[in-house]
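What follows is the content of query_8.txt, which has compact mmCIF, C-alpha atoms:
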```txt
# COMPACT_ATOMS: atom_id res chain seq x y z
CA MET A 1 -177.99 -90.34 58.99
CA ALA A 2 -180.35 -91.02 56.12
CA THR A 3 -183.97 -92.00 56.81
CA PRO A 4 -183.98 -95.74 57.55
CA LYS A 5 -185.20 -97.89 54.70
CA ARG A 6 -188.53 -99.56 55.05
CA LYS A 7 -189.20 -102.02 52.29
CA LEU A 8 -192.63 -103.62 52.04
CA THR A 9 -194.13 -106.36 49.97
CA THR A 10 -197.09 -105.37 47.82
CA ALA A 11 -199.48 -107.17 50.18
CA LYS A 12 -198.18 -105.27 53.21
CA ALA A 13 -198.32 -101.98 51.31
CA ILE A 14 -201.95 -102.67 50.46
CA SER A 15 -202.93 -103.54 54.03
CA GLU A 16 -201.23 -100.36 55.25
CA ALA A 17 -203.12 -98.26 52.68
CA ILE A 18 -206.45 -99.84 53.62
CA SER A 19 -205.73 -99.31 57.32
CA GLN A 20 -205.01 -95.62 56.74
CA GLU A 21 -208.16 -95.21 54.66
CA MET A 22 -210.23 -96.88 57.40
CA GLU A 23 -208.74 -94.56 60.01
CA ALA A 24 -209.54 -91.52 57.88
CA ASP A 25 -213.12 -92.43 56.93
CA GLU A 26 -215.51 -94.58 58.95
CA ASN A 27 -217.47 -95.36 55.77
CA VAL A 28 -214.59 -97.47 54.48
CA PHE A 29 -214.90 -101.16 55.32
CA VAL A 30 -213.57 -104.49 54.00
CA MET A 31 -215.40 -107.68 53.04
CA GLY A 32 -214.37 -110.99 51.54
CA GLU A 33 -213.50 -114.63 52.06
CA ASP A 34 -210.85 -115.17 54.77
CA ILE A 35 -209.94 -111.50 54.87
CA ALA A 36 -210.55 -110.99 58.62
CA LYS A 37 -209.27 -113.78 60.86
CA LEU A 38 -206.71 -115.05 58.36
CA GLY A 39 -205.78 -111.57 57.10
CA GLY A 40 -206.38 -112.50 53.48
CA VAL A 41 -204.85 -115.52 51.75
CA PHE A 42 -202.26 -113.19 50.20
CA GLY A 43 -201.84 -111.02 53.31
CA THR A 44 -203.49 -107.91 51.88
CA THR A 45 -205.72 -107.39 54.93
CA THR A 46 -203.36 -108.58 57.68
CA GLY A 47 -203.91 -106.87 61.03
CA LEU A 48 -207.11 -105.07 60.06
CA LEU A 49 -209.48 -107.22 62.15
CA ASP A 50 -207.52 -106.57 65.37
CA LYS A 51 -207.45 -102.86 64.66
CA PHE A 52 -210.99 -102.22 63.41
CA GLY A 53 -213.11 -105.16 64.61
CA PRO A 54 -215.53 -107.54 62.87
CA GLU A 55 -218.11 -104.87 62.00
CA ARG A 56 -215.72 -103.15 59.56
CA VAL A 57 -213.58 -106.17 58.60
CA ARG A 58 -216.04 -108.86 57.60
CA ASP A 59 -215.39 -112.49 56.74
CA THR A 60 -218.06 -113.58 54.28
CA PRO A 61 -219.46 -116.95 53.25
CA ILE A 62 -218.16 -118.40 49.98
CA SER A 63 -220.72 -116.63 47.85
CA GLU A 64 -219.27 -113.92 45.63
CA THR A 65 -222.74 -113.43 44.20
CA ALA A 66 -223.99 -112.36 47.63
CA PHE A 67 -221.15 -110.35 49.11
CA ILE A 68 -220.10 -108.47 45.98
CA GLY A 69 -223.76 -107.67 45.39
CA ALA A 70 -223.88 -106.44 48.98
CA ALA A 71 -220.85 -104.24 48.35
CA VAL A 72 -222.57 -102.59 45.38
CA GLY A 73 -225.61 -101.90 47.55
CA ALA A 74 -223.49 -100.54 50.40
CA ALA A 75 -221.66 -98.23 47.99
CA ALA A 76 -224.97 -97.01 46.56
CA ALA A 77 -226.10 -96.26 50.11
CA GLY A 78 -223.04 -94.09 50.80
CA MET A 79 -220.44 -96.50 52.18
CA ARG A 80 -217.02 -97.00 50.57
CA PRO A 81 -216.52 -100.80 50.53
CA ILE A 82 -213.29 -102.56 49.65
CA VAL A 83 -214.30 -106.06 48.66
CA GLU A 84 -212.01 -108.94 47.78
CA LEU A 85 -212.64 -111.44 45.03
CA MET A 86 -209.95 -113.92 46.09
CA PHE A 87 -209.12 -115.10 42.56
CA VAL A 88 -210.26 -113.11 39.53
CA ASP A 89 -211.04 -116.45 37.85
CA PHE A 90 -214.26 -116.62 39.90
CA PHE A 91 -215.70 -113.43 38.43
CA GLY A 92 -218.38 -115.47 36.68
CA VAL A 93 -220.74 -115.78 39.62
CA CYS A 94 -220.56 -112.07 40.54
CA MET A 95 -220.21 -110.41 37.15
CA ASP A 96 -223.79 -109.16 37.04
CA ALA A 97 -223.18 -107.15 40.21
CA ILE A 98 -219.91 -105.85 38.78
CA TYR A 99 -220.64 -104.90 35.19
CA ASN A 100 -224.42 -104.48 35.13
CA LEU A 101 -224.82 -102.77 38.51
CA ALA A 102 -221.56 -101.26 39.80
CA ALA A 103 -220.32 -100.16 36.39
CA LYS A 104 -223.61 -98.72 35.13
CA ASN A 105 -225.55 -97.28 38.08
CA CYS A 106 -223.79 -93.94 37.85
CA TYR A 107 -224.77 -93.60 34.16
CA PHE A 108 -228.32 -94.86 34.67
CA SER A 109 -228.91 -92.40 37.50
CA GLY A 110 -227.65 -89.40 35.55
CA GLY A 111 -224.64 -89.21 37.84
CA ASN A 112 -226.76 -89.15 40.99
CA GLN A 113 -225.80 -92.54 42.34
CA PRO A 114 -222.08 -93.27 42.04
CA ILE A 115 -220.73 -96.63 43.25
CA PRO A 116 -217.49 -95.89 45.10
CA MET A 117 -216.33 -99.44 45.67
CA VAL A 118 -212.93 -101.08 45.23
CA LEU A 119 -212.92 -104.67 44.06
CA MET A 120 -209.54 -106.11 44.98
CA THR A 121 -208.59 -109.34 43.27
CA SER A 122 -205.57 -111.57 42.62
CA VAL A 123 -204.43 -112.39 39.10
CA GLY A 124 -201.74 -114.35 37.30
CA GLY A 125 -200.08 -117.75 37.42
CA GLY A 126 -196.62 -119.17 37.05
CA TYR A 127 -196.75 -121.38 40.15
CA GLY A 128 -198.78 -124.35 38.88
CA ASP A 129 -202.30 -123.50 40.00
CA ALA A 130 -203.98 -124.39 36.70
CA GLY A 131 -206.67 -122.86 34.55
CA GLN A 132 -209.12 -121.70 37.23
CA HIS A 133 -206.59 -119.92 39.51
CA SER A 134 -204.02 -118.45 37.14
CA GLN A 135 -205.71 -116.08 34.73
CA CYS A 136 -205.12 -112.34 34.45
CA LEU A 137 -208.30 -111.28 32.63
CA TYR A 138 -207.02 -107.70 32.31
CA GLY A 139 -208.65 -107.31 28.93
CA THR A 140 -211.97 -108.74 30.12
CA PHE A 141 -212.41 -106.03 32.76
CA ALA A 142 -210.74 -103.17 30.86
CA HIS A 143 -213.06 -103.83 27.91
CA LEU A 144 -216.22 -103.04 29.87
CA PRO A 145 -216.94 -99.33 30.34
CA GLY A 146 -217.80 -97.82 33.70
CA MET A 147 -214.98 -99.25 35.81
CA LYS A 148 -211.41 -98.18 36.42
CA VAL A 149 -208.79 -100.93 36.23
CA VAL A 150 -205.53 -100.82 38.16
CA VAL A 151 -202.52 -103.18 37.86
CA PRO A 152 -199.56 -102.19 40.07
CA SER A 153 -196.07 -103.65 39.54
CA ASN A 154 -194.51 -102.81 42.90
CA ALA A 155 -195.30 -102.01 46.53
CA TYR A 156 -194.86 -98.23 46.21
CA ASP A 157 -197.33 -97.94 43.34
CA ALA A 158 -199.70 -100.42 44.99
CA LYS A 159 -200.06 -98.29 48.12
CA GLY A 160 -200.44 -95.01 46.24
CA LEU A 161 -202.89 -96.48 43.74
CA MET A 162 -204.98 -97.97 46.58
CA HIS A 163 -205.30 -94.53 48.21
CA THR A 164 -206.40 -93.11 44.84
CA ALA A 165 -208.82 -96.02 44.34
CA VAL A 166 -210.60 -95.54 47.67
CA ALA A 167 -210.91 -91.80 47.03
CA ASP A 168 -212.43 -92.39 43.59
CA ASP A 169 -216.22 -92.28 43.28
CA ASN A 170 -216.22 -94.89 40.52
CA PRO A 171 -215.91 -98.65 40.89
CA VAL A 172 -212.24 -99.62 40.72
CA ILE A 173 -211.02 -103.11 39.85
CA PHE A 174 -207.71 -103.47 41.66
CA MET A 175 -205.73 -106.38 40.19
CA LEU A 176 -202.82 -107.68 42.24
CA HIS A 177 -200.50 -110.15 40.55
CA LYS A 178 -199.74 -113.19 42.70
CA ASN A 179 -196.04 -113.12 41.73
CA LEU A 180 -195.80 -109.64 43.29
CA GLN A 181 -197.68 -110.05 46.56
CA GLY A 182 -194.85 -111.32 48.76
CA MET A 183 -195.95 -114.92 49.34
CA GLY A 184 -192.93 -117.18 48.92
CA TRP A 185 -194.63 -120.11 47.24
CA LEU A 186 -196.16 -117.81 44.59
CA GLY A 187 -192.72 -116.87 43.25
CA THR A 188 -192.33 -113.32 44.50
CA VAL A 189 -190.38 -111.00 42.20
CA LYS A 190 -187.71 -109.40 44.39
CA ASN A 191 -187.80 -106.02 42.67
CA SER A 192 -191.48 -105.56 43.54
CA ILE A 193 -190.42 -105.15 47.20
CA VAL A 194 -189.39 -101.50 47.45
CA ASP A 195 -189.20 -98.62 49.91
CA VAL A 196 -192.67 -97.40 50.83
CA PRO A 197 -193.38 -94.16 52.73
CA ARG A 198 -195.35 -94.54 55.95
CA GLU A 199 -197.57 -91.57 55.19
CA THR A 200 -200.57 -91.50 52.87
CA TYR A 201 -199.88 -90.54 49.24
CA GLY A 202 -201.68 -90.95 45.94
CA VAL A 203 -200.39 -92.35 42.66
CA PRO A 204 -202.65 -90.87 39.98
CA PHE A 205 -204.69 -93.02 37.61
CA GLY A 206 -203.94 -92.73 33.90
CA GLU A 207 -200.23 -92.00 34.24
CA ALA A 208 -197.91 -94.70 32.99
CA ALA A 209 -194.36 -94.71 34.35
CA ILE A 210 -191.19 -94.88 32.30
CA VAL A 211 -189.26 -97.21 34.57
CA ARG A 212 -186.19 -97.42 32.35
CA GLU A 213 -185.16 -94.98 29.63
CA GLY A 214 -183.82 -96.08 26.28
CA LYS A 215 -183.67 -94.98 22.66
CA ASP A 216 -183.88 -98.17 20.59
CA ILE A 217 -187.16 -99.90 21.44
CA THR A 218 -190.19 -99.42 23.71
CA LEU A 219 -191.18 -102.38 25.90
CA VAL A 220 -194.67 -101.94 27.36
CA GLY A 221 -195.71 -104.11 30.31
CA LEU A 222 -198.02 -104.22 33.29
CA GLY A 223 -197.81 -105.97 36.65
CA VAL A 224 -195.26 -108.79 36.55
CA THR A 225 -194.34 -108.33 32.87
CA VAL A 226 -192.76 -104.97 33.75
CA HIS A 227 -190.13 -106.90 35.70
CA MET A 228 -189.58 -109.36 32.83
CA ALA A 229 -189.09 -106.37 30.51
CA LEU A 230 -186.64 -104.74 32.92
CA ASP A 231 -184.63 -107.97 33.18
CA ALA A 232 -184.55 -108.28 29.39
CA ALA A 233 -183.56 -104.61 29.05
CA GLU A 234 -180.61 -105.17 31.35
CA ALA A 235 -179.43 -108.12 29.27
CA LEU A 236 -179.98 -106.17 26.04
CA ALA A 237 -177.94 -103.24 27.35
CA LYS A 238 -174.91 -105.54 27.51
CA GLU A 239 -175.33 -106.06 23.76
CA GLY A 240 -175.68 -102.35 23.06
CA VAL A 241 -179.48 -102.20 22.72
CA GLU A 242 -181.10 -99.51 24.88
CA ALA A 243 -184.69 -100.51 25.65
CA GLU A 244 -187.18 -98.12 27.21
CA VAL A 245 -189.62 -99.81 29.60
CA VAL A 246 -193.12 -98.44 30.20
CA ASP A 247 -195.20 -99.59 33.17
CA LEU A 248 -198.86 -98.93 32.33
CA ARG A 249 -199.95 -98.96 36.03
CA THR A 250 -203.62 -98.40 35.11
CA LEU A 251 -205.51 -99.85 32.13
CA VAL A 252 -208.58 -97.66 32.63
CA PRO A 253 -207.80 -94.84 32.27
CA LEU A 254 -205.00 -95.77 29.85
CA ASP A 255 -202.06 -93.42 29.30
CA ARG A 256 -201.85 -93.70 25.52
CA ASP A 257 -199.76 -90.51 25.28
CA THR A 258 -196.79 -91.86 27.23
CA VAL A 259 -196.73 -95.00 25.08
CA PHE A 260 -197.06 -93.00 21.86
CA ASN A 261 -194.37 -90.51 22.85
CA SER A 262 -191.99 -93.31 23.74
CA VAL A 263 -192.55 -95.12 20.43
CA SER A 264 -192.15 -91.78 18.61
CA LYS A 265 -188.65 -91.68 20.08
CA THR A 266 -187.67 -95.34 19.63
CA GLY A 267 -189.64 -96.34 16.51
CA ARG A 268 -190.13 -99.87 17.84
CA LEU A 269 -192.86 -101.32 20.08
CA LEU A 270 -193.06 -104.67 21.85
CA VAL A 271 -195.95 -105.26 24.29
CA ILE A 272 -195.62 -107.94 26.97
CA ASP A 273 -198.81 -109.19 28.62
CA ASP A 274 -199.50 -112.40 30.56
CA ASP A 275 -203.21 -112.22 29.76
CA TYR A 276 -204.55 -114.03 26.68
CA ILE A 277 -203.18 -112.61 23.44
CA SER A 278 -206.33 -112.16 21.36
CA TYR A 279 -208.79 -109.30 21.86
CA GLY A 280 -206.81 -107.87 24.75
CA VAL A 281 -204.40 -105.33 26.21
CA SER A 282 -201.54 -106.03 23.80
CA GLY A 283 -203.71 -105.38 20.74
CA GLU A 284 -205.15 -102.24 22.32
CA ILE A 285 -201.71 -100.76 22.98
CA ILE A 286 -200.48 -101.46 19.47
CA SER A 287 -203.60 -100.08 17.79
CA SER A 288 -203.63 -96.95 19.93
CA VAL A 289 -200.17 -96.10 18.59
CA ALA A 290 -200.82 -97.24 15.03
CA GLU A 291 -204.07 -95.33 14.61
CA GLN A 292 -202.43 -92.13 15.79
CA ASP A 293 -199.47 -92.29 13.39
CA SER A 294 -198.25 -95.55 11.87
CA SER A 295 -195.36 -93.79 10.12
CA ILE A 296 -193.38 -93.71 13.38
CA PHE A 297 -192.75 -97.46 13.25
CA LYS A 298 -189.32 -98.56 12.00
CA THR A 299 -190.53 -102.16 12.15
CA SER A 300 -193.89 -103.89 12.72
CA PRO A 301 -195.02 -103.71 16.33
CA GLN A 302 -194.96 -107.06 18.12
CA ARG A 303 -196.46 -108.64 21.21
CA ILE A 304 -195.65 -111.47 23.61
CA ALA A 305 -198.69 -112.66 25.53
CA PHE A 306 -200.35 -115.82 26.75
CA PRO A 307 -201.56 -118.08 23.91
CA ASP A 308 -205.31 -118.56 23.53
CA ILE A 309 -205.49 -121.76 25.58
CA PRO A 310 -206.62 -122.55 29.13
CA ILE A 311 -203.60 -122.22 31.45
CA PRO A 312 -201.84 -125.58 31.87
CA PHE A 313 -201.29 -127.12 35.30
CA THR A 314 -197.92 -128.74 34.70
CA ARG A 315 -194.98 -126.47 35.33
CA PRO A 316 -193.07 -127.03 32.06
CA MET A 317 -196.19 -126.44 29.97
CA GLU A 318 -197.23 -123.34 31.89
CA GLN A 319 -193.73 -121.87 31.77
CA PHE A 320 -193.56 -122.62 28.05
CA ALA A 321 -196.70 -120.57 27.48
CA LEU A 322 -195.95 -117.60 29.78
CA PRO A 323 -193.96 -114.55 28.69
CA ASN A 324 -190.42 -114.39 30.07
CA LYS A 325 -187.17 -112.48 29.87
CA ASP A 326 -185.66 -114.71 27.17
CA LYS A 327 -188.68 -114.45 24.88
CA ILE A 328 -188.50 -110.65 25.18
CA PHE A 329 -184.74 -110.64 24.60
CA ASN A 330 -185.04 -112.77 21.46
CA ALA A 331 -187.98 -110.79 20.07
CA VAL A 332 -186.10 -107.53 20.54
CA LYS A 333 -182.99 -108.91 18.81
CA GLU A 334 -185.16 -109.89 15.86
CA MET A 335 -186.89 -106.49 15.75
CA MET A 336 -183.55 -104.65 15.87
CA LYS A 337 -182.57 -106.22 12.54
CA ASP A 338 -184.99 -103.90 10.73
CA MET B 1 -174.62 -111.02 67.20
CA ASP B 2 -175.77 -114.20 65.50
CA ILE B 3 -179.37 -114.30 64.26
CA LYS B 4 -180.55 -117.86 64.78
CA ILE B 5 -183.57 -119.96 63.99
CA THR B 6 -184.74 -120.84 67.48
CA ASN B 7 -187.07 -123.60 68.61
CA ASP B 8 -189.94 -121.20 69.29
CA ILE B 9 -189.97 -120.52 65.53
CA VAL B 10 -189.65 -124.10 64.31
CA GLU B 11 -191.42 -126.39 66.71
CA ASP B 12 -191.01 -130.17 66.62
CA GLY B 13 -188.33 -130.22 63.95
CA ALA B 14 -190.34 -128.30 61.37
CA GLU B 15 -188.58 -126.65 58.45
CA ALA B 16 -188.65 -122.96 57.61
CA VAL B 17 -187.64 -120.78 54.67
CA ILE B 18 -186.95 -117.08 54.37
CA VAL B 19 -189.47 -115.67 51.93
CA THR B 20 -188.28 -112.07 51.86
CA TRP B 21 -185.20 -110.23 53.05
CA TYR B 22 -186.18 -106.59 53.54
CA PHE B 23 -182.54 -105.49 53.62
CA GLU B 24 -179.47 -106.09 51.50
CA ASP B 25 -176.28 -107.67 52.74
CA GLY B 26 -174.23 -104.89 54.38
CA ASP B 27 -177.18 -102.58 55.17
CA ASP B 28 -177.37 -100.83 58.52
CA VAL B 29 -180.44 -101.96 60.41
CA GLU B 30 -182.16 -100.60 63.49
CA LYS B 31 -183.38 -102.67 66.42
CA ASP B 32 -186.95 -103.97 65.88
CA ALA B 33 -186.99 -103.25 62.11
CA VAL B 34 -188.51 -106.18 60.23
CA LEU B 35 -185.52 -108.01 58.76
CA ALA B 36 -187.27 -110.81 56.95
CA ASP B 37 -190.46 -112.78 56.48
CA ILE B 38 -190.07 -116.43 57.38
CA MET B 39 -192.51 -119.10 56.29
CA ILE B 40 -193.17 -122.25 58.28
CA GLU B 41 -195.47 -124.55 56.37
CA LYS B 42 -198.03 -122.02 55.10
CA ALA B 43 -197.79 -119.53 57.97
CA SER B 44 -195.64 -116.44 57.52
CA LEU B 45 -194.08 -114.48 60.37
CA GLU B 46 -192.00 -111.35 60.61
CA PHE B 47 -188.47 -111.58 61.98
CA PRO B 48 -187.43 -108.38 63.80
CA ALA B 49 -183.85 -107.21 64.36
CA PRO B 50 -182.78 -107.98 67.94
CA CYS B 51 -180.23 -105.12 67.89
CA SER B 52 -178.94 -102.31 65.68
CA GLY B 53 -175.88 -102.61 63.46
CA LYS B 54 -174.52 -103.81 60.14
CA LEU B 55 -176.36 -106.79 58.67
CA THR B 56 -174.51 -109.70 57.10
CA ILE B 57 -176.83 -112.19 55.42
CA LYS B 58 -175.83 -115.84 55.79
CA LYS B 59 -178.87 -117.58 54.31
CA GLU B 60 -180.61 -116.53 51.13
CA CYS B 61 -184.33 -116.83 50.40
CA GLU B 62 -185.83 -120.26 49.69
CA VAL B 63 -183.05 -122.19 51.50
CA VAL B 64 -184.52 -124.82 53.84
CA LEU B 65 -183.72 -123.92 57.47
CA GLN B 66 -183.76 -125.86 60.70
CA GLU B 67 -183.43 -125.08 64.36
CA GLY B 68 -180.01 -123.65 65.17
CA ASP B 69 -179.23 -122.32 61.68
CA ILE B 70 -177.64 -118.87 61.66
CA ILE B 71 -179.39 -116.78 59.04
CA ALA B 72 -177.47 -113.54 59.56
CA THR B 73 -175.22 -111.59 61.87
CA ILE B 74 -175.57 -108.01 63.09
CA GLU B 75 -172.31 -106.32 64.18
```
What would you get if you wrote out this structure as structure tokens?
Amino acid sequence: MATPKRKLTTAKAISEAISQEMEADENVFVMGEDIAKLGGVFGTTTGLLDKFGPERVRDTPISETAFIGAAVGAAAAGMRPIVELMFVDFFGVCMDAIYNLAAKNCYFSGGNQPIPMVLMTSVGGGYGDAGQHSQCLYGTFAHLPGMKVVVPSNAYDAKGLMHTAVADDNPVIFMLHKNLQGMGWLGTVKNSIVDVPRETYGVPFGEAAIVREGKDITLVGLGVTVHMALDAAEALAKEGVEAEVVDLRTLVPLDRDTVFNSVSKTGRLLVIDDDYISYGVSGEIISSVAEQDSSIFKTSPQRIAFPDIPIPFTRPMEQFALPNKDKIFNAVKEMMKD
Amino acid sequence: MDIKITNDIVEDGAEAVIVTWYFEDGDDVEKDAVLADIMIEKASLEFPAPCSGKLTIKKECEVVLQEGDIIATIE
């Protein structure tokens, strides 16, 4: 008989990875708002308090300024903190600790004082939580040097990337999309719930995954937009268009080679990003291909991303602004005319 | 065997929904494997398989459930 399946949601995969890291290294600990008794509002730290106790699984007051600053200090002193910023939207009050301290201490100390912390945070909207709880801000964090930035699209990658993140001596911003966590009311994408090995394993940083092969066009996504691209690719296949889908998995480091090689094959590039369109990931992907060799394009590269407006509260307006399968399908049909 | 929503899951006439099925219709499941996550108000709980066998799903995710509803069978 085959090994029994064991599917996990992304949140459960993350809590399992953290638990295994805490078992393996007593310097690993977790801090954040509602992460201990409640198990995290998205379930990413469920069960850890019972297993490891309040010394290593610490509920904090609602002051990101204080507890993320404390995490940077703990990391500088040799601990390996995993700290949760519940919603990335609240980065404002703790950004000095993140980008002036965590991201730069290693450089300023000539490599003598690395900051091995993981900042875990939730991103994304689509469930009517308005402009202060729905942003992705991928580009904001990926733009600033000194931090690694991780955006998993499924439970298998999430666990493996978390193991790699905790082992890394650099600060890692671990961005978990709310549509992929496994909470019903956040609109969980079914295909993010996949078989996950019980044992520890690493998914390397800087290696994008080709999650569907195709010869006609390259669709590049991250987090939830990977699933939109896969759904569109399935619909396109029925009309004879074979789309290749690339899951970036990490933004820093960014696997430019996999994207370039895919576009070299297909000649067409469409980037799908639910972060704001200007000055962000979608522009970076397109320029990293274009500056290497623009002659490979059969048609102008395109992008579908969130318009440069605060995220609306009302469902119809938010859904109108977000990327989706139909927008991708229609854009590809247009691009295939060239 | 019928898999039912019992009154220790939904107290006082509360409603529940299945958030996640961890298996497909027709899968073989083992006793105690987590079959599904069920949400009651904002609390989520795991629903383990009471026995081993072939799973037939009767209620999909997001359908509102009440006490006595059969969500699946295991034969």
Counting all atoms listed in the file, chain A residues within 9 Å of chain B, as a list in words
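Only these qualify: Pro4, Lys5, Arg6, Lys7, Leu8, Thr9, Gly182, Met183, Gly184, Trp185, Thr188, Lys190, Ile193 and Val194 of chain A.
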Applying 9 Å and only C-alpha atoms, which residues near Gly206 (chain A) remain after dropping the ones on its own chain fewer than 5 positions away? List them as a ChimeraX atom specification.
/A:248-256
Please work out which residues fall within 8 Å of (-219.1, -110.0, 46.1), coordinates as given in the file, with all atoms listed in the file counting, and return them as a list in words. Gly32, Ser63, Glu64, Thr65, Ala66, Phe67, Ile68, Gly69, Ala70, Ala71, Val83, Glu84, Leu85, Cys94 and Ala97 of chain A
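You can rank A:Met79, A:Leu137, A:Ala235, A:Ile272 by their closest distance to Leu222 (chain A) using only C-alpha atoms, and at the top of that list sits A:Ile272.
Closest approach to Leu45 (chain B) among A:Gly43, A:Pro301, A:Pro312, A:Gly283 is made by A:Gly43 (distances from only C-alpha atoms).
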Pairwise distance for CA of Val224 (chain A) and CA of Ala103 (chain A), rounded to one decimal in Å: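 Atom-to-atom, CA of Val224 (chain A) and CA of Ala103 (chain A) are spaced 26.5 Å apart.
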Which polymer residues have any atom within 8 Å of an atom of Gly131 (chain A), counting only C-alpha atoms, with same-chain residues fewer than 3 positions away left out, as a list of chain:residue names?
A:Ser134, A:Gln135, A:Pro310, A:Ile311, A:Pro312, A:Phe313
Pairwise distance, CA of Met95 (chain A) with CA of Val28 (chain A), equals 22.3 Å
Requested in this report: Tell me, as JSON, numbers by chain, which residues lie within 8 Å of region 148-160 of chain A, counting only C-alpha atoms; anything in the same chain fewer than 2 positions away does not count.
Outcome: {"A": [8, 9, 10, 11, 12, 13, 14, 16, 17, 141, 142, 146, 162, 163, 164, 170, 171, 172, 173, 174, 175, 176, 177, 180, 191, 192, 193, 194, 195, 196, 197, 200, 201, 202, 203, 204, 205, 222, 223, 224, 226, 227, 247, 248, 249, 250, 251, 252, 253]}
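Residue nearest Tyr99 (chain A) within the list A:Thr140, A:Gln20, A:Thr121, A:Gln113: A:Thr140 [criterion: smallest interatomic distance, all atoms listed in the file].
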Practice task
Work out how far CA of Ile304 (chain A) is from CA of Lys327 (chain A), in Å to one decimal.
Solution key: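 Those two atoms sit 7.7 Å apart.
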Can you sort out region 273-289 of chain A so it carries N, CA and C atoms, written as a tab-separated table (two decimals), in the coordinates of the input?
```tsv
chain	number	residue	atom	x	y	z
A	273	ASP	N	-197.59	-109.07	27.82
A	273	ASP	CA	-198.81	-109.19	28.62
A	273	ASP	C	-198.99	-110.67	28.96
A	274	ASP	N	-199.28	-110.99	30.23
A	274	ASP	CA	-199.50	-112.40	30.56
A	274	ASP	C	-200.98	-112.79	30.55
A	275	ASP	N	-201.82	-111.88	30.06
A	275	ASP	CA	-203.21	-112.22	29.76
A	275	ASP	C	-203.25	-112.83	28.35
A	276	TYR	N	-204.39	-113.42	28.00
A	276	TYR	CA	-204.55	-114.03	26.68
A	276	TYR	C	-204.25	-113.01	25.57
A	277	ILE	N	-203.69	-113.52	24.47
A	277	ILE	CA	-203.18	-112.61	23.44
A	277	ILE	C	-204.29	-111.95	22.62
A	278	SER	N	-205.34	-112.70	22.30
A	278	SER	CA	-206.33	-112.16	21.36
A	278	SER	C	-207.35	-111.26	22.05
A	279	TYR	N	-207.74	-110.22	21.39
A	279	TYR	CA	-208.79	-109.30	21.86
A	279	TYR	C	-208.45	-108.66	23.21
A	280	GLY	N	-207.19	-108.33	23.42
A	280	GLY	CA	-206.81	-107.87	24.75
A	280	GLY	C	-205.93	-106.64	24.80
A	281	VAL	N	-205.21	-106.51	25.92
A	281	VAL	CA	-204.40	-105.33	26.21
A	281	VAL	C	-203.33	-105.11	25.13
A	282	SER	N	-202.66	-106.20	24.73
A	282	SER	CA	-201.54	-106.03	23.80
A	282	SER	C	-202.02	-105.44	22.48
A	283	GLY	N	-203.16	-105.92	21.99
A	283	GLY	CA	-203.71	-105.38	20.74
A	283	GLY	C	-204.14	-103.93	20.90
A	284	GLU	N	-204.69	-103.60	22.07
A	284	GLU	CA	-205.15	-102.24	22.32
A	284	GLU	C	-203.98	-101.25	22.31
A	285	ILE	N	-202.88	-101.65	22.92
A	285	ILE	CA	-201.71	-100.76	22.98
A	285	ILE	C	-201.17	-100.52	21.57
A	286	ILE	N	-201.04	-101.60	20.82
A	286	ILE	CA	-200.48	-101.46	19.47
A	286	ILE	C	-201.40	-100.60	18.60
A	287	SER	N	-202.70	-100.85	18.67
A	287	SER	CA	-203.60	-100.08	17.79
A	287	SER	C	-203.67	-98.62	18.22
A	288	SER	N	-203.53	-98.35	19.52
A	288	SER	CA	-203.63	-96.95	19.93
A	288	SER	C	-202.43	-96.13	19.44
A	289	VAL	N	-201.31	-96.79	19.20
A	289	VAL	CA	-200.17	-96.10	18.59
A	289	VAL	C	-200.37	-96.03	17.08
```
